[in-house]
Amino acid sequence: MRRIAWLTDPHLSYVPPQASSEFLESLNGLPVDAIFLGGDISEASRLLLDLSELSARVHKPVYFVLGSHDYYRSSIASVRFQTAQLCARMPNLTWLNQAGVVELTTQTALVGHDGWGDGLQGSVEEAVPMNDELQIEELTSFDRHTLFAKLNELGREAANHLHRSLSAAVENYPNICLLTHVPPFREACWFEGAIASDGILARAVCAAAGAVIEQVMKGHPERQLTVLCGHTHSPGFAQVLPNVQVWTGAAQYGQPRVQRLFWVP
Ligand SMILES: [Fe+2]
Ligand SMILES: [Fe+2]
């Protein structure tokens with residue numbers, strides 16, 4: 001058994017430096033063996049500093065994914081390159097986009113990917129505008145068609161990664177945790193206590209990832225999958241299949257928090 005702390009959407013760029021340091025320090029004091037960090041950690045201008053401080057203060061393995069805010073004021077290509085370089089120097093940090101199957105115990109594995117709202121749920125016509133297309137270089141476009149083609153591609157990339165890693169994990173582990181930023185299912189896209197509207201669903205569900213998860217887990221009903229996601233800042237739980245449950249985390253700007261402590265067998 002190992003004990004895990006899961007947090008998501010801490011948005012450290014909204015937190016004064018002293019409070020941010022205290023929060024990161026508090027993670028080190030948690031009675032856990034590892035930390036899962038589900039994206040929207042900070043913003044690109046501070047992300048590397050925040051991840052470095054996290055690595056220095058928390059003397060445990062930290063498994064993380066990135067959210068769209070982590071790319072703000074920069075580009076996806078640049079943030080990904082720098083994050084990979086940083087993780088190569090910080091052995092307790094693992095960015096799950098770069099990992100395959102992480103063994104937590106002999107019974108439980110972890111897989112994950114950032115994910116991206118890919119426009120395959122809800123309504124593209126009603127899709128809400130987001131700061132992503134103002135703040136992230138690759139998404140800067142006034143043409144809706146071009147924007148959604150790119151979002152679609154980002155979603156497919158997440159799905160391909162999860163297909164490889166989840167398919168490998170179900171071969172060897174009865175329990176699997178999947179950490180991602182964007183809810184992969186409509187049923188897990190909570191917004192203020194209910195399932196989000198069609199306009200939000202188009203931006204806040206990584207449906208390509210959900211399709212892959214469903215396909216793999218339907219083929220392995222004897223395996224159990226727990227998905228941990230965030231992004232909408234509204235908490236909720238969904239039993240998507242008999243063997244797939246999804247927790248969506250709560251968040252408030254300026255008030256980072258731990259979502260849950262739990263044991264994995
Ligand atoms: Fe967020
Ligand atoms: Fe987000």
# chains A, B, ... in the order shown; residues from 1 in each chain; ligands from 1
call {"tool": "residues_around", "arguments": {"residues": "Arg2 in chain A", "least_positions_apart": "3", "cutoff": "9 Å", "atoms": "only C-alpha atoms", "output": "number ranges by chain"}}
result
A: 32-34, 104-105, 262-265
call {"tool": "residues_near_ligand", "arguments": {"ligand": "ligand 2", "cutoff": "12 Å", "atoms": "only C-alpha atoms and all ligand atoms", "output": "ChimeraX atom specification"}}
result
/A:8-11,38-43,65-72,114-117,130-132,180-183,189,203-206,229-234,248-253
call {"tool": "select_by_dssp", "arguments": {"residues": "range 37-149 of chain A", "states": "alpha helix (DSSP H)", "output": "MDAnalysis selection string"}}
result
chainID A and resid 44:57 76:89 132:135 144:149
call {"tool": "write_last_selection", "arguments": {"atoms": "N, CA and C atoms", "output": "compact mmCIF listing (two decimals), in the first residue's frame"}}
result
# COMPACT_ATOMS: atom_id res chain seq x y z
N ALA A 44 3.49 30.05 -17.74
CA ALA A 44 4.81 29.73 -18.32
C ALA A 44 5.95 30.56 -17.73
N SER A 45 5.68 31.85 -17.46
CA SER A 45 6.77 32.71 -16.98
C SER A 45 7.28 32.27 -15.61
N ARG A 46 6.47 31.55 -14.86
CA ARG A 46 6.88 31.13 -13.51
C ARG A 46 6.95 29.62 -13.35
N LEU A 47 6.50 28.90 -14.39
CA LEU A 47 6.33 27.45 -14.24
C LEU A 47 7.62 26.75 -13.82
N LEU A 48 8.72 27.08 -14.48
CA LEU A 48 9.97 26.38 -14.17
C LEU A 48 10.45 26.69 -12.75
N LEU A 49 10.27 27.94 -12.35
CA LEU A 49 10.64 28.31 -10.97
C LEU A 49 9.77 27.56 -9.98
N ASP A 50 8.48 27.52 -10.24
CA ASP A 50 7.57 26.84 -9.31
C ASP A 50 7.85 25.33 -9.26
N LEU A 51 8.11 24.73 -10.42
CA LEU A 51 8.42 23.30 -10.42
C LEU A 51 9.75 23.03 -9.72
N SER A 52 10.72 23.92 -9.90
CA SER A 52 12.01 23.75 -9.23
C SER A 52 11.85 23.84 -7.72
N GLU A 53 11.05 24.81 -7.29
CA GLU A 53 10.83 24.97 -5.85
C GLU A 53 10.08 23.76 -5.29
N LEU A 54 9.11 23.29 -6.06
CA LEU A 54 8.37 22.09 -5.66
C LEU A 54 9.33 20.90 -5.48
N SER A 55 10.21 20.75 -6.44
CA SER A 55 11.17 19.65 -6.39
C SER A 55 12.08 19.77 -5.18
N ALA A 56 12.50 21.01 -4.86
CA ALA A 56 13.42 21.22 -3.75
C ALA A 56 12.74 21.05 -2.39
N ARG A 57 11.48 21.47 -2.30
CA ARG A 57 10.81 21.44 -0.99
C ARG A 57 10.15 20.10 -0.67
N ILE A 76 3.37 26.18 -26.64
CA ILE A 76 3.33 24.78 -26.20
C ILE A 76 4.71 24.15 -26.43
N ALA A 77 5.29 24.43 -27.60
CA ALA A 77 6.59 23.82 -27.94
C ALA A 77 7.66 24.23 -26.94
N SER A 78 7.72 25.51 -26.61
CA SER A 78 8.77 25.99 -25.71
C SER A 78 8.57 25.45 -24.29
N VAL A 79 7.35 25.50 -23.78
CA VAL A 79 7.11 25.02 -22.40
C VAL A 79 7.39 23.52 -22.31
N ARG A 80 7.00 22.79 -23.33
CA ARG A 80 7.25 21.34 -23.30
C ARG A 80 8.74 21.04 -23.31
N PHE A 81 9.47 21.75 -24.14
CA PHE A 81 10.92 21.55 -24.22
C PHE A 81 11.57 21.85 -22.86
N GLN A 82 11.20 22.99 -22.29
CA GLN A 82 11.83 23.39 -21.01
C GLN A 82 11.41 22.47 -19.86
N THR A 83 10.17 22.03 -19.88
CA THR A 83 9.71 21.13 -18.81
C THR A 83 10.46 19.80 -18.88
N ALA A 84 10.64 19.30 -20.09
CA ALA A 84 11.38 18.04 -20.25
C ALA A 84 12.81 18.20 -19.76
N GLN A 85 13.43 19.31 -20.09
CA GLN A 85 14.81 19.56 -19.64
C GLN A 85 14.89 19.64 -18.12
N LEU A 86 13.94 20.32 -17.53
CA LEU A 86 13.93 20.45 -16.07
C LEU A 86 13.79 19.09 -15.40
N CYS A 87 12.85 18.29 -15.90
CA CYS A 87 12.61 16.97 -15.28
C CYS A 87 13.85 16.07 -15.39
N ALA A 88 14.63 16.28 -16.44
CA ALA A 88 15.85 15.48 -16.59
C ALA A 88 16.84 15.80 -15.47
N ARG A 89 16.74 17.02 -14.91
CA ARG A 89 17.65 17.44 -13.83
C ARG A 89 17.08 17.19 -12.45
N ASP A 132 -7.00 30.92 -23.66
CA ASP A 132 -6.01 30.06 -24.31
C ASP A 132 -5.60 30.62 -25.67
N GLU A 133 -6.59 31.05 -26.45
CA GLU A 133 -6.28 31.50 -27.82
C GLU A 133 -5.69 32.91 -27.86
N LEU A 134 -5.66 33.58 -26.72
CA LEU A 134 -4.97 34.87 -26.64
C LEU A 134 -3.57 34.70 -26.06
N GLN A 135 -3.39 33.66 -25.25
CA GLN A 135 -2.17 33.54 -24.44
C GLN A 135 -1.19 32.48 -24.91
N ARG A 144 -12.11 30.19 -36.30
CA ARG A 144 -12.62 29.12 -35.44
C ARG A 144 -12.25 27.75 -35.99
N HIS A 145 -12.30 27.62 -37.29
CA HIS A 145 -12.00 26.33 -37.91
C HIS A 145 -10.55 25.91 -37.62
N THR A 146 -9.63 26.85 -37.78
CA THR A 146 -8.20 26.57 -37.54
C THR A 146 -7.97 26.25 -36.07
N LEU A 147 -8.61 27.02 -35.19
CA LEU A 147 -8.45 26.80 -33.75
C LEU A 147 -8.91 25.40 -33.38
N PHE A 148 -10.10 25.00 -33.84
CA PHE A 148 -10.62 23.69 -33.44
C PHE A 148 -9.87 22.55 -34.11
N ALA A 149 -9.29 22.81 -35.27
CA ALA A 149 -8.44 21.77 -35.89
C ALA A 149 -7.23 21.52 -35.00
call {"tool": "atom_distance", "arguments": {"atom1": "CA of Gln239 in chain A", "atom2": "CA of Ala158 in chain A"}}
result
21.5 Å
call {"tool": "atom_distance", "arguments": {"atom1": "CA of Tyr173 in chain A", "atom2": "CA of Ala207 in chain A"}}
result
24.6 Å
call {"tool": "residues_around", "arguments": {"residues": "range 208-224 of chain A", "least_positions_apart": "4", "cutoff": "9 Å", "atoms": "only C-alpha atoms", "output": "PyMOL selection string"}}
result
chain A and resi 115-116+118+120+152+155-163+166-167+170-171+173-177+183-186+240-245
call {"tool": "write_last_selection", "arguments": {"atoms": "C-alpha atoms", "output": "PDB file, in the first residue's frame"}}
result
ATOM      1  CA  GLY A 115      -5.167  16.267 -22.267  1.00  0.00           C
ATOM      2  CA  TRP A 116      -6.859  19.202 -24.011  1.00  0.00           C
ATOM      3  CA  ASP A 118     -10.790  19.024 -28.130  1.00  0.00           C
ATOM      4  CA  LEU A 120     -15.611  16.745 -29.793  1.00  0.00           C
ATOM      5  CA  ASN A 152      -8.550  18.369 -32.124  1.00  0.00           C
ATOM      6  CA  GLY A 155      -6.706  15.903 -28.026  1.00  0.00           C
ATOM      7  CA  ARG A 156      -5.622  13.144 -30.415  1.00  0.00           C
ATOM      8  CA  GLU A 157      -2.068  13.434 -29.169  1.00  0.00           C
ATOM      9  CA  ALA A 158      -3.266  12.861 -25.587  1.00  0.00           C
ATOM     10  CA  ALA A 159      -5.445   9.956 -26.714  1.00  0.00           C
ATOM     11  CA  ASN A 160      -2.576   8.273 -28.562  1.00  0.00           C
ATOM     12  CA  HIS A 161      -0.331   8.519 -25.528  1.00  0.00           C
ATOM     13  CA  LEU A 162      -3.034   7.178 -23.205  1.00  0.00           C
ATOM     14  CA  HIS A 163      -3.846   4.358 -25.603  1.00  0.00           C
ATOM     15  CA  LEU A 166      -3.155   2.345 -20.557  1.00  0.00           C
ATOM     16  CA  SER A 167      -3.061  -0.691 -22.873  1.00  0.00           C
ATOM     17  CA  VAL A 170      -3.933  -3.242 -17.979  1.00  0.00           C
ATOM     18  CA  GLU A 171      -1.702  -6.156 -18.982  1.00  0.00           C
ATOM     19  CA  TYR A 173      -1.794  -4.232 -12.970  1.00  0.00           C
ATOM     20  CA  PRO A 174      -5.264  -4.828 -11.472  1.00  0.00           C
ATOM     21  CA  ASN A 175      -5.568  -1.144 -10.458  1.00  0.00           C
ATOM     22  CA  ILE A 176      -4.642   1.863 -12.522  1.00  0.00           C
ATOM     23  CA  CYS A 177      -4.711   5.596 -11.745  1.00  0.00           C
ATOM     24  CA  PRO A 183     -12.011  15.735 -17.937  1.00  0.00           C
ATOM     25  CA  PRO A 184     -12.081  12.974 -20.565  1.00  0.00           C
ATOM     26  CA  PHE A 185     -15.856  12.457 -20.305  1.00  0.00           C
ATOM     27  CA  ARG A 186     -18.930  14.667 -20.524  1.00  0.00           C
ATOM     28  CA  VAL A 240     -18.465   6.154 -16.256  1.00  0.00           C
ATOM     29  CA  LEU A 241     -18.230   2.369 -16.578  1.00  0.00           C
ATOM     30  CA  PRO A 242     -18.515  -0.344 -13.906  1.00  0.00           C
ATOM     31  CA  ASN A 243     -14.700  -0.350 -13.775  1.00  0.00           C
ATOM     32  CA  VAL A 244     -14.021   3.360 -14.447  1.00  0.00           C
ATOM     33  CA  GLN A 245     -14.570   6.136 -11.924  1.00  0.00           C
TER      34      GLN A 245
END
call {"tool": "closest_residue", "arguments": {"among": "A:Gly119, A:Gly199, A:Gly193, A:Gly254", "to": "ligand 1", "atoms": "only C-alpha atoms and all ligand atoms"}}
result
A:Gly254
call {"tool": "decode", "arguments": {"residues": "range 91-115 of chain A", "atoms": "N, CA and C atoms", "output": "PDB file, in the first residue's frame"}}
result
ATOM      1  N   PRO A  91      15.229  14.526 -10.329  1.00  0.00           N
ATOM      2  CA  PRO A  91      14.801  13.127 -10.360  1.00  0.00           C
ATOM      3  C   PRO A  91      13.475  12.841  -9.647  1.00  0.00           C
ATOM      4  N   ASN A  92      13.042  13.744  -8.749  1.00  0.00           N
ATOM      5  CA  ASN A  92      11.749  13.458  -8.076  1.00  0.00           C
ATOM      6  C   ASN A  92      10.544  14.001  -8.861  1.00  0.00           C
ATOM      7  N   LEU A  93      10.796  14.653 -10.016  1.00  0.00           N
ATOM      8  CA  LEU A  93       9.687  15.158 -10.839  1.00  0.00           C
ATOM      9  C   LEU A  93       9.484  14.264 -12.057  1.00  0.00           C
ATOM     10  N   THR A  94       8.260  13.809 -12.262  1.00  0.00           N
ATOM     11  CA  THR A  94       7.943  13.039 -13.474  1.00  0.00           C
ATOM     12  C   THR A  94       6.762  13.683 -14.174  1.00  0.00           C
ATOM     13  N   TRP A  95       7.002  14.149 -15.386  1.00  0.00           N
ATOM     14  CA  TRP A  95       5.910  14.688 -16.223  1.00  0.00           C
ATOM     15  C   TRP A  95       5.339  13.500 -16.974  1.00  0.00           C
ATOM     16  N   LEU A  96       4.064  13.220 -16.746  1.00  0.00           N
ATOM     17  CA  LEU A  96       3.494  11.958 -17.251  1.00  0.00           C
ATOM     18  C   LEU A  96       3.394  11.924 -18.775  1.00  0.00           C
ATOM     19  N   ASN A  97       3.405  13.082 -19.444  1.00  0.00           N
ATOM     20  CA  ASN A  97       3.453  13.067 -20.915  1.00  0.00           C
ATOM     21  C   ASN A  97       4.682  12.317 -21.421  1.00  0.00           C
ATOM     22  N   GLN A  98       5.716  12.298 -20.601  1.00  0.00           N
ATOM     23  CA  GLN A  98       6.981  11.678 -21.007  1.00  0.00           C
ATOM     24  C   GLN A  98       7.153  10.280 -20.451  1.00  0.00           C
ATOM     25  N   ALA A  99       6.237   9.875 -19.589  1.00  0.00           N
ATOM     26  CA  ALA A  99       6.390   8.566 -18.946  1.00  0.00           C
ATOM     27  C   ALA A  99       5.453   7.570 -19.622  1.00  0.00           C
ATOM     28  N   GLY A 100       5.749   6.321 -19.501  1.00  0.00           N
ATOM     29  CA  GLY A 100       4.826   5.302 -19.967  1.00  0.00           C
ATOM     30  C   GLY A 100       3.983   4.868 -18.785  1.00  0.00           C
ATOM     31  N   VAL A 101       4.246   3.656 -18.301  1.00  0.00           N
ATOM     32  CA  VAL A 101       3.531   3.134 -17.142  1.00  0.00           C
ATOM     33  C   VAL A 101       4.441   3.300 -15.920  1.00  0.00           C
ATOM     34  N   VAL A 102       3.938   4.006 -14.913  1.00  0.00           N
ATOM     35  CA  VAL A 102       4.704   4.181 -13.674  1.00  0.00           C
ATOM     36  C   VAL A 102       4.185   3.182 -12.650  1.00  0.00           C
ATOM     37  N   GLU A 103       5.053   2.332 -12.140  1.00  0.00           N
ATOM     38  CA  GLU A 103       4.612   1.379 -11.106  1.00  0.00           C
ATOM     39  C   GLU A 103       4.595   2.076  -9.753  1.00  0.00           C
ATOM     40  N   LEU A 104       3.413   2.112  -9.122  1.00  0.00           N
ATOM     41  CA  LEU A 104       3.313   2.679  -7.772  1.00  0.00           C
ATOM     42  C   LEU A 104       3.508   1.583  -6.733  1.00  0.00           C
ATOM     43  N   THR A 105       2.846   0.430  -6.967  1.00  0.00           N
ATOM     44  CA  THR A 105       3.033  -0.777  -6.157  1.00  0.00           C
ATOM     45  C   THR A 105       2.948  -1.953  -7.143  1.00  0.00           C
ATOM     46  N   THR A 106       3.091  -3.149  -6.635  1.00  0.00           N
ATOM     47  CA  THR A 106       2.975  -4.299  -7.549  1.00  0.00           C
ATOM     48  C   THR A 106       1.546  -4.446  -8.073  1.00  0.00           C
ATOM     49  N   GLN A 107       0.575  -3.809  -7.384  1.00  0.00           N
ATOM     50  CA  GLN A 107      -0.844  -3.926  -7.757  1.00  0.00           C
ATOM     51  C   GLN A 107      -1.377  -2.707  -8.516  1.00  0.00           C
ATOM     52  N   THR A 108      -0.670  -1.597  -8.446  1.00  0.00           N
ATOM     53  CA  THR A 108      -1.219  -0.339  -8.968  1.00  0.00           C
ATOM     54  C   THR A 108      -0.200   0.419  -9.811  1.00  0.00           C
ATOM     55  N   ALA A 109      -0.669   0.856 -10.981  1.00  0.00           N
ATOM     56  CA  ALA A 109       0.173   1.651 -11.879  1.00  0.00           C
ATOM     57  C   ALA A 109      -0.459   3.024 -12.095  1.00  0.00           C
ATOM     58  N   LEU A 110       0.378   3.956 -12.520  1.00  0.00           N
ATOM     59  CA  LEU A 110      -0.077   5.309 -12.849  1.00  0.00           C
ATOM     60  C   LEU A 110       0.276   5.615 -14.300  1.00  0.00           C
ATOM     61  N   VAL A 111      -0.697   6.174 -15.030  1.00  0.00           N
ATOM     62  CA  VAL A 111      -0.435   6.703 -16.377  1.00  0.00           C
ATOM     63  C   VAL A 111      -1.035   8.111 -16.416  1.00  0.00           C
ATOM     64  N   GLY A 112      -0.700   8.884 -17.450  1.00  0.00           N
ATOM     65  CA  GLY A 112      -1.313  10.204 -17.531  1.00  0.00           C
ATOM     66  C   GLY A 112      -0.838  11.021 -18.709  1.00  0.00           C
ATOM     67  N   HIS A 113      -1.561  12.093 -18.944  1.00  0.00           N
ATOM     68  CA  HIS A 113      -1.223  13.053 -20.006  1.00  0.00           C
ATOM     69  C   HIS A 113      -1.990  14.345 -19.715  1.00  0.00           C
ATOM     70  N   ASP A 114      -1.466  15.475 -20.208  1.00  0.00           N
ATOM     71  CA  ASP A 114      -2.143  16.763 -19.981  1.00  0.00           C
ATOM     72  C   ASP A 114      -3.609  16.717 -20.434  1.00  0.00           C
ATOM     73  N   GLY A 115      -3.833  16.183 -21.655  1.00  0.00           N
ATOM     74  CA  GLY A 115      -5.167  16.267 -22.267  1.00  0.00           C
ATOM     75  C   GLY A 115      -5.409  17.686 -22.769  1.00  0.00           C
TER      76      GLY A 115
END
